[in-house]
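Data file: start_37.cif. Format and content: mmCIF, C-alpha atoms.
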data_data
#
loop_
_atom_site.label_atom_id
_atom_site.label_comp_id
_atom_site.auth_asym_id
_atom_site.auth_seq_id
_atom_site.Cartn_x
_atom_site.Cartn_y
_atom_site.Cartn_z
CA MET B 1 -181.43 76.35 -26.70
CA PRO B 2 -183.33 79.61 -26.62
CA GLY B 3 -183.26 81.52 -23.37
CA ASP B 4 -180.30 79.49 -22.19
CA ARG B 5 -179.25 80.70 -18.80
CA GLY B 6 -176.25 78.47 -18.59
CA ARG B 7 -178.08 75.27 -17.72
CA ALA B 8 -176.96 72.08 -19.37
CA PRO B 9 -179.06 71.25 -22.42
CA GLU B 10 -180.38 68.02 -20.94
CA GLU B 11 -182.21 70.03 -18.30
CA THR B 12 -184.99 70.51 -20.86
CA ASP B 13 -186.25 67.13 -19.70
CA ALA B 14 -187.01 68.66 -16.33
CA PRO B 15 -190.42 67.83 -14.92
CA LEU B 16 -193.26 70.29 -15.50
CA PRO B 17 -193.15 72.95 -12.79
CA HIS B 18 -196.95 73.13 -12.42
CA GLU B 19 -197.18 69.45 -11.74
CA ASP B 20 -194.24 69.66 -9.34
CA ALA B 21 -195.84 72.44 -7.34
CA LEU B 22 -198.99 70.38 -6.98
CA LEU B 23 -197.11 67.28 -5.87
CA VAL B 24 -195.06 69.30 -3.41
CA VAL B 25 -198.19 70.70 -1.74
CA ARG B 26 -199.69 67.25 -1.50
CA ALA B 27 -196.52 65.69 -0.15
CA ALA B 28 -196.11 68.47 2.40
CA GLU B 29 -199.59 67.59 3.68
CA GLY B 30 -198.50 64.00 4.21
CA ASP B 31 -199.33 62.38 0.86
CA ASP B 32 -196.49 59.87 0.50
CA GLU B 33 -197.67 58.82 -2.97
CA ALA B 34 -197.22 62.37 -4.20
CA PHE B 35 -193.72 62.32 -2.73
CA GLU B 36 -192.97 59.05 -4.48
CA ALA B 37 -193.97 60.68 -7.76
CA LEU B 38 -191.55 63.52 -7.02
CA VAL B 39 -188.78 61.01 -6.32
CA HIS B 40 -189.34 59.33 -9.68
CA ARG B 41 -189.45 62.64 -11.52
CA HIS B 42 -186.28 64.08 -10.03
CA ALA B 43 -184.10 61.07 -9.28
CA PRO B 44 -182.45 60.81 -12.73
CA VAL B 45 -181.17 64.39 -12.78
CA LEU B 46 -180.03 64.18 -9.16
CA LEU B 47 -178.29 60.83 -9.63
CA ARG B 48 -176.37 62.22 -12.54
CA LEU B 49 -175.42 65.30 -10.52
CA ALA B 50 -174.26 63.24 -7.55
CA THR B 51 -172.31 60.85 -9.77
CA ARG B 52 -170.53 63.79 -11.35
CA LEU B 53 -169.75 65.25 -7.95
CA LEU B 54 -168.62 62.04 -6.28
CA GLY B 55 -167.33 60.01 -9.21
CA SER B 56 -168.93 56.87 -7.82
CA PRO B 57 -172.44 55.70 -8.76
CA THR B 58 -172.82 53.74 -5.52
CA GLU B 59 -171.96 56.71 -3.31
CA ALA B 60 -174.12 58.90 -5.52
CA GLU B 61 -177.15 56.66 -4.91
CA ASP B 62 -176.59 56.83 -1.17
CA ALA B 63 -176.28 60.61 -1.27
CA VAL B 64 -179.43 61.06 -3.35
CA GLN B 65 -181.35 58.63 -1.16
CA GLU B 66 -180.38 60.52 1.98
CA ALA B 67 -181.20 63.83 0.30
CA PHE B 68 -184.72 62.65 -0.54
CA VAL B 69 -185.31 61.37 2.98
CA SER B 70 -184.17 64.67 4.43
CA ALA B 71 -186.42 66.49 1.92
CA TRP B 72 -189.41 64.46 3.12
CA ARG B 73 -188.66 65.53 6.68
CA LYS B 74 -188.25 69.17 5.74
CA LEU B 75 -191.16 69.40 3.31
CA PRO B 76 -193.71 70.79 5.78
CA GLU B 77 -191.45 73.84 6.16
CA PHE B 78 -190.73 74.11 2.43
CA ARG B 79 -192.44 77.31 1.39
CA GLY B 80 -192.05 76.87 -2.31
CA ASP B 81 -189.88 79.99 -2.70
CA ALA B 82 -187.66 77.89 -4.90
CA ARG B 83 -188.73 75.15 -7.25
CA PHE B 84 -188.57 71.66 -5.83
CA GLY B 85 -185.89 70.73 -8.37
CA THR B 86 -183.71 73.67 -7.37
CA TRP B 87 -184.19 72.85 -3.70
CA MET B 88 -183.21 69.20 -4.25
CA HIS B 89 -180.23 70.23 -6.38
CA ARG B 90 -179.00 72.25 -3.43
CA ILE B 91 -179.59 69.50 -0.87
CA VAL B 92 -177.79 66.92 -3.01
CA THR B 93 -174.88 69.25 -3.74
CA ASN B 94 -174.30 70.01 -0.09
CA ARG B 95 -174.59 66.39 0.90
CA CYS B 96 -172.01 65.47 -1.74
CA LEU B 97 -169.74 68.26 -0.52
CA ASN B 98 -169.88 66.74 2.95
CA VAL B 99 -169.14 63.29 1.56
CA LEU B 100 -166.11 64.65 -0.29
CA ARG B 101 -164.91 66.45 2.83
CA SER B 102 -165.17 63.29 4.90
CA ARG B 103 -163.11 61.24 2.47
CA PRO B 104 -159.62 60.44 3.63
CA PRO B 105 -157.13 62.66 1.83
CA VAL B 106 -155.89 61.01 -1.32
CA THR B 107 -152.20 60.32 -1.38
CA ALA B 108 -150.10 62.10 -3.93
CA LEU B 109 -149.48 58.83 -5.71
CA ASP B 110 -153.18 58.14 -6.18
CA SER B 111 -154.15 61.61 -7.13
CA VAL B 112 -151.41 62.91 -9.33
CA PRO B 113 -152.29 62.01 -12.86
CA GLU B 114 -149.69 60.95 -15.33
CA PRO B 115 -149.64 63.50 -18.10
CA GLN B 116 -147.12 61.52 -20.11
CA ALA B 117 -149.52 58.61 -20.54
CA PRO B 118 -150.42 59.40 -24.15
CA GLU B 119 -146.78 59.21 -25.17
CA HIS B 120 -146.85 55.49 -24.58
CA GLN B 121 -149.63 55.10 -27.07
CA VAL B 122 -147.99 55.31 -30.42
CA SER B 123 -151.02 55.19 -32.68
CA PRO B 124 -154.00 54.11 -30.64
CA ALA B 125 -157.46 53.91 -32.04
CA ARG B 126 -159.17 57.24 -31.69
CA ALA B 127 -161.94 55.88 -29.47
CA ALA B 128 -159.51 54.20 -27.14
CA GLU B 129 -157.53 57.41 -26.92
CA ALA B 130 -160.62 59.43 -26.05
CA HIS B 131 -161.54 56.85 -23.49
CA ALA B 132 -158.10 57.06 -21.94
CA ALA B 133 -158.35 60.85 -21.83
CA VAL B 134 -161.67 60.65 -20.00
CA ARG B 135 -160.17 58.17 -17.55
CA ASP B 136 -157.24 60.51 -16.96
CA LEU B 137 -159.63 63.36 -16.37
CA SER B 138 -161.58 61.31 -13.80
CA ARG B 139 -158.36 60.58 -11.99
CA ALA B 140 -157.27 64.20 -12.13
CA ILE B 141 -160.60 65.34 -10.68
CA GLU B 142 -159.83 63.25 -7.59
CA GLY B 143 -156.92 65.60 -6.95
CA LEU B 144 -159.14 68.67 -6.56
CA SER B 145 -160.19 69.90 -3.15
CA PRO B 146 -163.85 69.18 -2.30
CA GLU B 147 -164.70 72.86 -2.74
CA GLN B 148 -162.89 73.18 -6.07
CA ARG B 149 -164.43 69.97 -7.28
CA VAL B 150 -168.00 70.95 -6.44
CA CYS B 151 -167.67 74.39 -8.05
CA TRP B 152 -165.95 73.01 -11.14
CA VAL B 153 -168.42 70.15 -11.65
CA LEU B 154 -171.43 72.44 -11.26
CA ARG B 155 -169.92 74.93 -13.71
CA GLU B 156 -168.40 72.64 -16.35
CA LEU B 157 -170.46 69.46 -16.22
CA ASP B 158 -173.80 70.73 -14.97
CA GLY B 159 -173.62 74.12 -16.69
CA VAL B 160 -174.80 76.07 -13.63
CA PRO B 161 -174.23 79.86 -13.75
CA TYR B 162 -171.67 81.28 -11.30
CA GLU B 163 -174.29 83.18 -9.30
CA SER B 164 -176.37 80.03 -8.77
CA ILE B 165 -173.31 78.07 -7.66
CA ALA B 166 -172.54 80.84 -5.17
CA GLU B 167 -176.06 80.56 -3.79
CA THR B 168 -175.98 76.77 -3.65
CA VAL B 169 -172.62 76.52 -1.90
CA GLY B 170 -173.13 79.62 0.21
CA ILE B 171 -170.02 81.55 -0.84
CA SER B 172 -169.45 84.68 -2.90
CA GLN B 173 -169.49 84.63 -6.66
CA GLU B 174 -165.87 85.77 -6.65
CA ALA B 175 -164.94 82.80 -4.48
CA VAL B 176 -166.71 80.49 -6.92
CA ARG B 177 -164.82 82.01 -9.84
CA GLY B 178 -161.56 81.58 -7.95
CA ARG B 179 -162.26 77.92 -7.24
CA VAL B 180 -163.30 77.18 -10.80
CA PHE B 181 -160.15 78.92 -12.05
CA ARG B 182 -157.88 76.93 -9.73
CA ALA B 183 -159.63 73.72 -10.71
CA ARG B 184 -159.18 74.52 -14.39
CA ARG B 185 -155.57 75.41 -13.82
CA TYR B 186 -154.96 72.12 -12.06
CA LEU B 187 -156.84 70.07 -14.64
CA THR B 188 -155.23 71.71 -17.68
CA GLU B 189 -151.86 70.86 -16.17
CA ALA B 190 -153.00 67.31 -15.53
CA MET B 191 -154.26 66.95 -19.07
CA ALA B 192 -151.24 68.65 -20.64
CA GLY B 193 -150.14 65.40 -22.22
CA TRP B 194 -153.29 65.30 -24.33
CA ARG B 195 -152.66 68.64 -25.99
CA MET M 1 -158.65 69.31 4.27
CA ALA M 2 -155.73 71.64 4.51
CA MET M 3 -153.88 69.78 1.83
CA ASN M 4 -156.54 70.15 -0.71
CA GLU M 5 -157.29 73.75 -1.42
CA GLY M 6 -153.89 74.12 -3.00
CA GLY M 7 -153.68 70.65 -4.45
CA THR M 8 -151.47 67.75 -3.58
CA PRO M 9 -149.20 67.67 -0.56
CA GLY M 10 -145.65 68.70 -0.97
CA GLY M 11 -146.40 71.06 -3.82
CA ALA M 12 -146.01 68.50 -6.54
CA ALA M 13 -146.05 69.59 -10.13
CA PHE M 14 -149.84 69.69 -10.38
CA GLY M 15 -150.76 70.63 -6.88
CA ASP M 16 -149.42 74.13 -6.59
CA VAL M 17 -152.00 76.22 -8.20
CA PRO M 18 -151.41 79.90 -7.61
CA ASP M 19 -154.40 82.18 -7.23
CA GLU M 20 -153.06 84.28 -10.04
CA GLU M 21 -150.77 83.54 -12.84
CA THR M 22 -149.33 86.06 -15.21
CA LEU M 23 -148.45 84.90 -18.70
CA PRO M 24 -145.13 86.03 -20.24
CA CYS M 25 -147.10 88.56 -22.30
CA GLY M 26 -148.32 90.23 -19.11
CA ARG M 27 -151.91 89.00 -19.24
CA GLU M 28 -153.50 87.26 -16.28
CA LEU M 29 -154.32 83.68 -17.13
CA ALA M 30 -157.64 83.91 -15.29
CA GLN M 31 -158.58 86.92 -17.37
CA VAL M 32 -157.69 85.24 -20.65
CA TRP M 33 -159.80 82.21 -19.80
CA GLU M 34 -162.69 84.28 -18.55
CA GLN M 35 -162.71 86.27 -21.78
CA ALA M 36 -162.77 83.04 -23.71
CA GLU M 37 -165.70 81.87 -21.61
CA THR M 38 -167.75 85.00 -22.11
CA GLY M 39 -166.80 85.25 -25.76
CA GLU M 40 -165.45 88.76 -25.31
CA PRO M 41 -163.26 89.66 -28.32
CA ASP M 42 -159.71 90.75 -27.57
CA PRO M 43 -157.30 91.81 -30.34
CA HIS M 44 -154.28 91.05 -28.16
CA THR M 45 -155.26 87.45 -27.53
CA ALA M 46 -155.85 86.82 -31.20
CA ASP M 47 -152.17 87.47 -32.01
CA CYS M 48 -150.40 86.52 -28.80
CA PRO M 49 -148.69 83.09 -28.81
CA HIS M 50 -148.77 82.88 -25.00
CA CYS M 51 -152.47 83.54 -24.84
CA ALA M 52 -153.00 81.12 -27.70
CA GLU M 53 -151.12 78.45 -25.77
CA ALA M 54 -153.20 79.12 -22.65
CA LEU M 55 -156.39 78.88 -24.67
CA ARG M 56 -155.24 75.66 -26.31
CA ALA M 57 -154.79 74.14 -22.86
CA LEU M 58 -158.30 75.18 -21.91
CA ARG M 59 -159.77 73.85 -25.16
CA THR M 60 -158.04 70.52 -24.65
CA LEU M 61 -159.62 70.23 -21.23
CA GLU M 62 -163.01 71.25 -22.60
CA GLY M 63 -162.72 68.63 -25.30
CA VAL M 64 -162.15 65.87 -22.77
CA VAL M 65 -164.95 67.23 -20.58
CA ALA M 66 -167.33 67.14 -23.53
CA ARG M 67 -166.28 63.59 -24.20
CA ALA M 68 -166.84 62.65 -20.56
CA ARG M 69 -170.32 64.12 -20.71
CA ALA M 70 -171.10 62.20 -23.88
CA ASP M 71 -169.99 58.98 -22.18
CA GLU M 72 -172.46 59.45 -19.33
CA PRO M 73 -175.63 57.40 -19.43
CA GLN M 74 -178.63 59.26 -20.80
CA GLU M 75 -181.05 60.58 -18.24
CA ARG M 76 -183.67 57.96 -19.07
CA GLN M 77 -181.18 55.17 -18.56
CA TRP M 78 -180.73 55.81 -14.87
CA ASP M 79 -182.39 53.06 -12.93
CA THR M 80 -184.36 54.89 -10.32
CA ALA M 81 -186.76 52.15 -9.26
CA ALA M 82 -184.47 50.65 -6.65
CA LEU M 83 -183.54 54.07 -5.32
CA ALA M 84 -187.18 55.18 -5.10
CA GLY M 85 -188.00 51.92 -3.31
CA ARG M 86 -185.36 52.53 -0.66
CA VAL M 87 -186.41 56.15 -0.19
CA MET M 88 -190.05 55.18 0.23
CA ASP M 89 -189.18 52.42 2.71
CA VAL M 90 -187.80 55.12 5.00
CA VAL M 91 -190.56 57.61 4.22
CA ARG M 92 -193.26 55.09 5.16
CA LEU M 93 -191.65 54.69 8.56
CA GLU M 94 -191.97 58.44 9.01
CA LEU M 95 -195.43 59.15 7.67
CA ARG M 96 -197.29 62.30 8.58
CA PRO M 97 -200.88 61.11 8.59
CA GLY M 98 -202.24 64.26 10.21
CA ARG M 99 -205.05 64.29 12.71
CA THR M 100 -207.69 61.64 13.09
CA LEU M 101 -211.23 62.37 11.95
CA ALA M 102 -214.38 60.65 13.06
CA LEU M 103 -216.52 58.76 10.57
CA GLY M 104 -220.09 57.55 10.74
CA GLU M 105 -222.20 57.65 13.89
CA PRO M 106 -220.94 58.22 17.43
CA ASP M 107 -221.40 54.57 18.40
CA GLU M 108 -219.43 53.30 15.40
CA ASP M 109 -216.00 54.31 16.61
CA ALA M 110 -214.75 54.65 13.02
CA TRP M 111 -211.90 56.99 12.26
CA ILE M 112 -209.75 58.07 9.36
CA VAL M 113 -206.50 60.03 9.25
CA GLU M 114 -206.59 63.40 7.55
CA ALA M 115 -204.00 62.45 4.90
CA ALA M 116 -206.08 59.47 3.77
CA ALA M 117 -209.29 61.47 3.61
CA ALA M 118 -207.50 64.23 1.70
CA ARG M 119 -206.18 61.70 -0.78
CA THR M 120 -209.70 60.41 -1.40
CA PHE M 121 -210.99 63.95 -1.99
CA ARG M 122 -208.12 64.87 -4.29
CA ALA M 123 -208.68 61.77 -6.37
CA ALA M 124 -212.38 62.59 -6.67
CA VAL M 125 -211.54 66.12 -7.82
CA ASP M 126 -208.78 64.99 -10.20
CA ALA M 127 -211.39 62.93 -12.03
CA LEU M 128 -212.84 66.19 -13.36
CA PRO M 129 -211.25 67.02 -16.71
CA GLY M 130 -208.71 69.85 -16.53
CA VAL M 131 -208.85 70.05 -12.74
CA ARG M 132 -206.05 69.09 -10.34
CA ALA M 133 -206.35 69.22 -6.59
CA GLY M 134 -203.55 70.66 -4.45
CA SER M 135 -203.82 71.47 -0.77
CA CYS M 136 -206.71 69.78 1.02
CA ARG M 137 -207.31 70.47 4.70
CA ILE M 138 -210.12 69.06 6.77
CA GLU M 139 -211.52 70.51 9.97
CA THR M 140 -214.51 69.55 11.98
CA ALA M 141 -217.18 72.17 12.27
CA VAL M 142 -217.50 72.94 15.94
CA VAL M 143 -220.87 71.66 17.07
CA ASN M 144 -222.15 72.32 20.56
CA ALA M 145 -218.66 72.83 21.78
CA ALA M 146 -219.87 73.77 25.23
CA SER M 147 -222.51 71.09 25.58
CA GLY M 148 -220.77 68.45 27.57
CA ALA M 149 -219.48 66.34 24.67
CA SER M 150 -216.37 64.66 25.97
CA ALA M 151 -213.10 65.97 24.57
CA PRO M 152 -211.67 63.76 21.81
CA PRO M 153 -208.47 61.82 22.46
CA ALA M 154 -205.24 63.58 21.57
CA GLY M 155 -204.68 63.96 17.84
CA ARG M 156 -208.34 63.40 17.07
CA LEU M 157 -210.69 66.10 15.96
CA PRO M 158 -214.02 66.37 17.78
CA ARG M 159 -216.79 64.37 16.19
CA GLY M 160 -218.93 66.49 13.92
CA PRO M 161 -219.52 67.34 10.28
CA ALA M 162 -216.33 68.13 8.41
CA ARG M 163 -215.34 71.35 6.77
CA VAL M 164 -213.10 70.79 3.75
CA ARG M 165 -210.88 73.42 2.21
CA ILE M 166 -209.44 72.42 -1.13
CA GLU M 167 -207.21 74.27 -3.57
CA VAL M 168 -207.47 73.46 -7.24
CA GLN M 169 -205.59 74.19 -10.44
CA VAL M 170 -208.15 74.73 -13.16
CA GLY M 171 -207.90 74.73 -16.94
CA LEU M 172 -208.63 78.05 -18.58
CA SER M 173 -211.68 76.70 -20.37
CA TRP M 174 -213.61 76.21 -17.13
CA ASN M 175 -216.19 78.63 -15.85
CA LEU M 176 -214.96 79.19 -12.32
CA GLN M 177 -218.32 79.23 -10.62
CA LEU M 178 -219.22 76.01 -12.38
CA VAL M 179 -215.97 74.29 -11.51
CA ALA M 180 -216.33 75.27 -7.86
CA ASP M 181 -219.78 73.66 -7.80
CA GLU M 182 -218.49 70.54 -9.53
CA VAL M 183 -215.59 70.22 -7.10
CA ARG M 184 -217.91 70.66 -4.17
CA GLY M 185 -220.25 68.01 -5.55
CA ARG M 186 -217.47 65.49 -6.06
CA ILE M 187 -216.18 65.94 -2.54
CA VAL M 188 -219.55 65.60 -0.89
CA GLU M 189 -220.17 62.50 -3.00
CA ALA M 190 -216.82 60.93 -2.12
CA ALA M 191 -217.21 61.79 1.56
CA ASP M 192 -220.62 60.17 1.66
CA GLY M 193 -220.07 57.25 -0.70
CA GLU M 194 -216.46 56.28 -0.05
CA LEU M 195 -215.74 57.39 3.49
CA GLY M 196 -219.04 57.73 5.30
CA MET M 197 -218.04 61.18 6.45
CA ARG M 198 -220.52 63.99 6.99
CA VAL M 199 -219.43 67.20 5.30
CA ALA M 200 -220.87 70.50 6.42
CA ALA M 201 -219.01 72.77 4.02
CA VAL M 202 -216.52 72.72 1.17
CA ASP M 203 -214.42 75.78 0.48
CA VAL M 204 -213.01 75.72 -3.02
CA VAL M 205 -210.03 77.94 -3.77
CA VAL M 206 -208.87 78.31 -7.35
CA ALA M 207 -205.14 78.53 -6.70
CA ASP M 208 -203.95 78.54 -10.29
CA LEU M 209 -205.25 78.75 -13.83
CA LEU M 210 -203.66 76.33 -16.27
CA ASP M 211 -203.09 76.81 -19.94
CA GLU M 212 -204.14 73.37 -21.11
CA ASP M 213 -202.07 73.56 -24.28
CA GLU M 214 -198.96 73.92 -22.19
CA GLU M 215 -198.57 70.23 -21.53
CA ASP M 216 -198.51 69.51 -25.25
CA ARG M 217 -195.61 71.77 -25.93
CA GLU M 218 -192.28 70.12 -26.30
CA ASP M 219 -189.92 72.81 -25.16
CA GLN M 220 -190.71 72.92 -21.50
CA GLU M 221 -188.16 75.24 -20.06
CA ASP M 222 -187.73 76.39 -16.53
CA GLN M 223 -188.95 79.87 -17.09
CA GLU M 224 -191.85 78.93 -19.28
CA ASP M 225 -194.57 78.67 -16.74
CA GLN M 226 -193.50 81.96 -15.34
CA GLU M 227 -193.99 83.48 -18.76
CA ASP M 228 -197.32 81.74 -19.04
CA GLN M 229 -198.42 83.25 -15.83
CA GLU M 230 -197.32 86.64 -16.99
CA ASP M 231 -199.14 86.12 -20.27
CA GLN M 232 -202.24 85.20 -18.44
CA GLU M 233 -201.97 88.23 -16.30
CA ASP M 234 -201.54 90.43 -19.34
CA GLN M 235 -204.39 88.99 -21.31
CA GLU M 236 -206.78 88.43 -18.54
CA ASP M 237 -206.06 91.02 -16.02
CA GLN M 238 -209.71 91.85 -15.80
CA GLU M 239 -210.88 88.27 -15.72
CA ASP M 240 -208.28 87.51 -13.14
CA ARG M 241 -209.68 90.06 -10.80
CA GLU M 242 -213.09 88.57 -11.27
CA ASP M 243 -211.61 85.17 -10.49
CA ARG M 244 -210.33 86.35 -7.20
CA GLU M 245 -213.69 87.77 -6.34
CA ALA M 246 -215.22 84.46 -7.35
CA GLU M 247 -212.81 82.65 -5.02
CA GLU M 248 -213.82 84.78 -2.15
CA ALA M 249 -217.45 84.25 -3.00
CA ASP M 250 -216.83 80.51 -3.11
CA GLU M 251 -215.39 80.48 0.34
CA VAL M 252 -218.36 82.34 1.71
CA GLU M 253 -220.83 80.27 -0.18
CA GLY M 254 -219.13 77.04 0.82
CA GLY M 255 -220.11 77.67 4.38
CA GLN M 256 -223.77 77.32 3.59
CA ARG M 257 -223.57 73.82 2.31
#
What does this structure look like when you write it as structure tokens?
Amino acid sequence: MPGDRGRAPEETDAPLPHEDALLVVRAAEGDDEAFEALVHRHAPVLLRLATRLLGSPTEAEDAVQEAFVSAWRKLPEFRGDARFGTWMHRIVTNRCLNVLRSRPPVTALDSVPEPQAPEHQVSPARAAEAHAAVRDLSRAIEGLSPEQRVCWVLRELDGVPYESIAETVGISQEAVRGRVFRARRYLTEAMAGWR
Amino acid sequence: MAMNEGGTPGGAAFGDVPDEETLPCGRELAQVWEQAETGEPDPHTADCPHCAEALRALRTLEGVVARARADEPQERQWDTAALAGRVMDVVRLELRPGRTLALGEPDEDAWIVEAAAARTFRAAVDALPGVRAGSCRIETAVVNAASGASAPPAGRLPRGPARVRIEVQVGLSWNLQLVADEVRGRIVEAADGELGMRVAAVDVVVADLLDEDEEDREDQEDQEDQEDQEDQEDQEDQEDREDREAEEADEVEGGQR
């Protein structure tokens, strides 16, 4: 898309900023209907983000729900320096990071993917093979640290530029690059069998 | 999460990810991948089997990632109704209705919360074509403050005619003086007809000018409205300045109503 700044292509469906700004002002002044409109406009993008970050649609719904409630509470102080969508993206990301951090550590057995899996499939249908690869990837992602996972998902699945990830997570751009690299390193190893 | 930054416990095959890794050809793996990401051409990489192998690993991963993305439900398929319902259940327990305003005559004891009155005024203004209401604050004009009127209960404004300050986004085709008058008229009408509230003054602030064609365009990108604003500023620098003067004039004039 023209003027691409690293965002995922589907972001073109993003709600109109003018309309958002208006709804934000109204909601900040206590108009709950305006806030409800904001929830409807932004929930799909945020649910997808949270599902990517957490790998579980149920947990993602909880995280997005809590993020919206906390946004309602903080709205009177929201100065509109950032767009509402950007602000929510940040709140959801950080909430998901906390969820990931609070998860019990996965055991090696659960987390270590089996790269030799494809060898058992002599001549599987192409679709089934692709499906199995995606499943292996999902399992491999569980083996990343919460910090690696968040940086990698934002970069590779959400298409967020490094500098924006750094801002969102509150670390340096170099640290983000390092985490994305280590995540890639880990995942390429895990997916070696599919080469 | 000590175990996690490096990977799996015990340094299993996949867990130990070094911060740096040098390929047999002497190149840093991180550098090779970063070059691939930025599309920077490198004659070495083109011929080097080690770099090629490293890139193949990255491409394999990218292929599966692309597939995973394609398998995700489309944005419109997310069911957000249930989620929105749960969010609003909590929000409605934590409403911010604002202060309470008096309606009608002193003996009526009728009141309305600021948020509800503001919603009524915004709706009245939104009914004008090409006009959208934003911030709407309501104060009571101080009447005979010193003259023995008993202080209102906490959270209630003193009884008296209201002073409304409303911000509007206005389509470019509007004459700003005209739109300010129209907005003022709608608010006074709604206050009188729908709420039974006396309004002493309406301050109209044109907070934004809207390019009405914008909503028809398909490629709504993040930066677009910024560009639009810049365009407007370029084309209508002069007019813009007049607008601001008009806004100020509106505020002054509003006080006379």
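Candidate residues M:Ala70, M:Gln35, M:Leu55, M:Val64 were compared for distance to Leu137 in chain B, and the nearest is M:Val64, using only C-alpha atoms.
Among the candidate residues M:Met88, M:Ala190, M:Ala200, M:Ala162, the one lying nearest to chain B is M:Met88, with distances computed using all atoms listed in the file.
Closest to chain B among M:Val164, M:Leu209, M:Val188, M:Leu172 is M:Leu209, based on all atoms listed in the file.
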*Give the answer as one residue: which of M:Gly134, M:Gly104, M:Gly171, M:Gly155 has the shortest atom-to-atom distance to Leu22 in chain B, using all atoms listed in the file?*
M:Gly134
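Each of B:Asp31, B:Asp20, B:Asp81, B:Glu163 was compared to chain M using all atoms listed in the file, and B:Asp31 turns out to be the nearest.
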*Within 7 Å of chain M, which residues of chain B show up when using only C-alpha atoms, listed as number ranges by chain?*
B: 12, 22, 25-26, 29-31, 36, 39-40, 43-45, 61, 65, 68-69, 108, 133-134, 143-145, 157, 181-182, 185-186, 188-192, 195
Pick out the residues sitting within 12 Å of Cys151 in chain B, and hand them over as an mmCIF file with C-alpha atoms, keeping the file's coordinate frame; count only C-alpha atoms, and ignore anything fewer than 5 positions along from it in its own chain.
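Saved file part.cif follows:
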data_model
loop_
_atom_site.group_PDB
_atom_site.id
_atom_site.type_symbol
_atom_site.label_atom_id
_atom_site.label_comp_id
_atom_site.auth_asym_id
_atom_site.auth_seq_id
_atom_site.Cartn_x
_atom_site.Cartn_y
_atom_site.Cartn_z
ATOM 1 C CA ARG B 52 -170.530 63.790 -11.350
ATOM 2 C CA LEU B 53 -169.750 65.250 -7.950
ATOM 3 C CA THR B 93 -174.880 69.250 -3.740
ATOM 4 C CA ASN B 94 -174.300 70.010 -0.090
ATOM 5 C CA CYS B 96 -172.010 65.470 -1.740
ATOM 6 C CA LEU B 97 -169.740 68.260 -0.520
ATOM 7 C CA ILE B 141 -160.600 65.340 -10.680
ATOM 8 C CA LEU B 144 -159.140 68.670 -6.560
ATOM 9 C CA SER B 145 -160.190 69.900 -3.150
ATOM 10 C CA PRO B 146 -163.850 69.180 -2.300
ATOM 11 C CA GLU B 156 -168.400 72.640 -16.350
ATOM 12 C CA LEU B 157 -170.460 69.460 -16.220
ATOM 13 C CA ASP B 158 -173.800 70.730 -14.970
ATOM 14 C CA GLY B 159 -173.620 74.120 -16.690
ATOM 15 C CA VAL B 160 -174.800 76.070 -13.630
ATOM 16 C CA PRO B 161 -174.230 79.860 -13.750
ATOM 17 C CA TYR B 162 -171.670 81.280 -11.300
ATOM 18 C CA GLU B 163 -174.290 83.180 -9.300
ATOM 19 C CA SER B 164 -176.370 80.030 -8.770
ATOM 20 C CA ILE B 165 -173.310 78.070 -7.660
ATOM 21 C CA ALA B 166 -172.540 80.840 -5.170
ATOM 22 C CA GLU B 167 -176.060 80.560 -3.790
ATOM 23 C CA THR B 168 -175.980 76.770 -3.650
ATOM 24 C CA VAL B 169 -172.620 76.520 -1.900
ATOM 25 C CA GLY B 170 -173.130 79.620 0.210
ATOM 26 C CA ILE B 171 -170.020 81.550 -0.840
ATOM 27 C CA SER B 172 -169.450 84.680 -2.900
ATOM 28 C CA GLN B 173 -169.490 84.630 -6.660
ATOM 29 C CA GLU B 174 -165.870 85.770 -6.650
ATOM 30 C CA ALA B 175 -164.940 82.800 -4.480
ATOM 31 C CA VAL B 176 -166.710 80.490 -6.920
ATOM 32 C CA ARG B 177 -164.820 82.010 -9.840
ATOM 33 C CA GLY B 178 -161.560 81.580 -7.950
ATOM 34 C CA ARG B 179 -162.260 77.920 -7.240
ATOM 35 C CA VAL B 180 -163.300 77.180 -10.800
ATOM 36 C CA PHE B 181 -160.150 78.920 -12.050
ATOM 37 C CA ARG B 182 -157.880 76.930 -9.730
ATOM 38 C CA ALA B 183 -159.630 73.720 -10.710
ATOM 39 C CA ARG B 184 -159.180 74.520 -14.390
#
*asked:* Suppose a student applies the PyMOL selection byres ((chain M and resi 156) around 12) to this structure; what residues should they get, written as a count of residues only?
replied: 25
*Picked residues, the PyMOL selection byres ((chain M and resi 185) around 12), expected as an MDAnalysis selection string*: chainID M and resid 121 124:125 128 178:184 186:193 199 201:204 254 257
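In this structure, CA of Glu108 in chain M sits 20.7 Å away from CA of Thr120 in chain M.
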*Find the distance between CA of Gly85 in chain B and CA of Thr58 in chain B and write it in Å to one decimal.*
21.6 Å
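Reported to one decimal place, the separation of CA of Ala37 in chain B from CA of Val170 in chain M is 20.7 Å.
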*For Ser102 in chain B, which residue out of B:Ala82, B:Leu54, B:Ala132, B:Val64 is the nearest one, using all atoms listed in the file?*
B:Leu54
*So which residues get picked by the PyMOL selection byres ((chain M and resi 25) around 9) here, written as a ChimeraX atom specification?*
/M:22-24,26-28,48-51
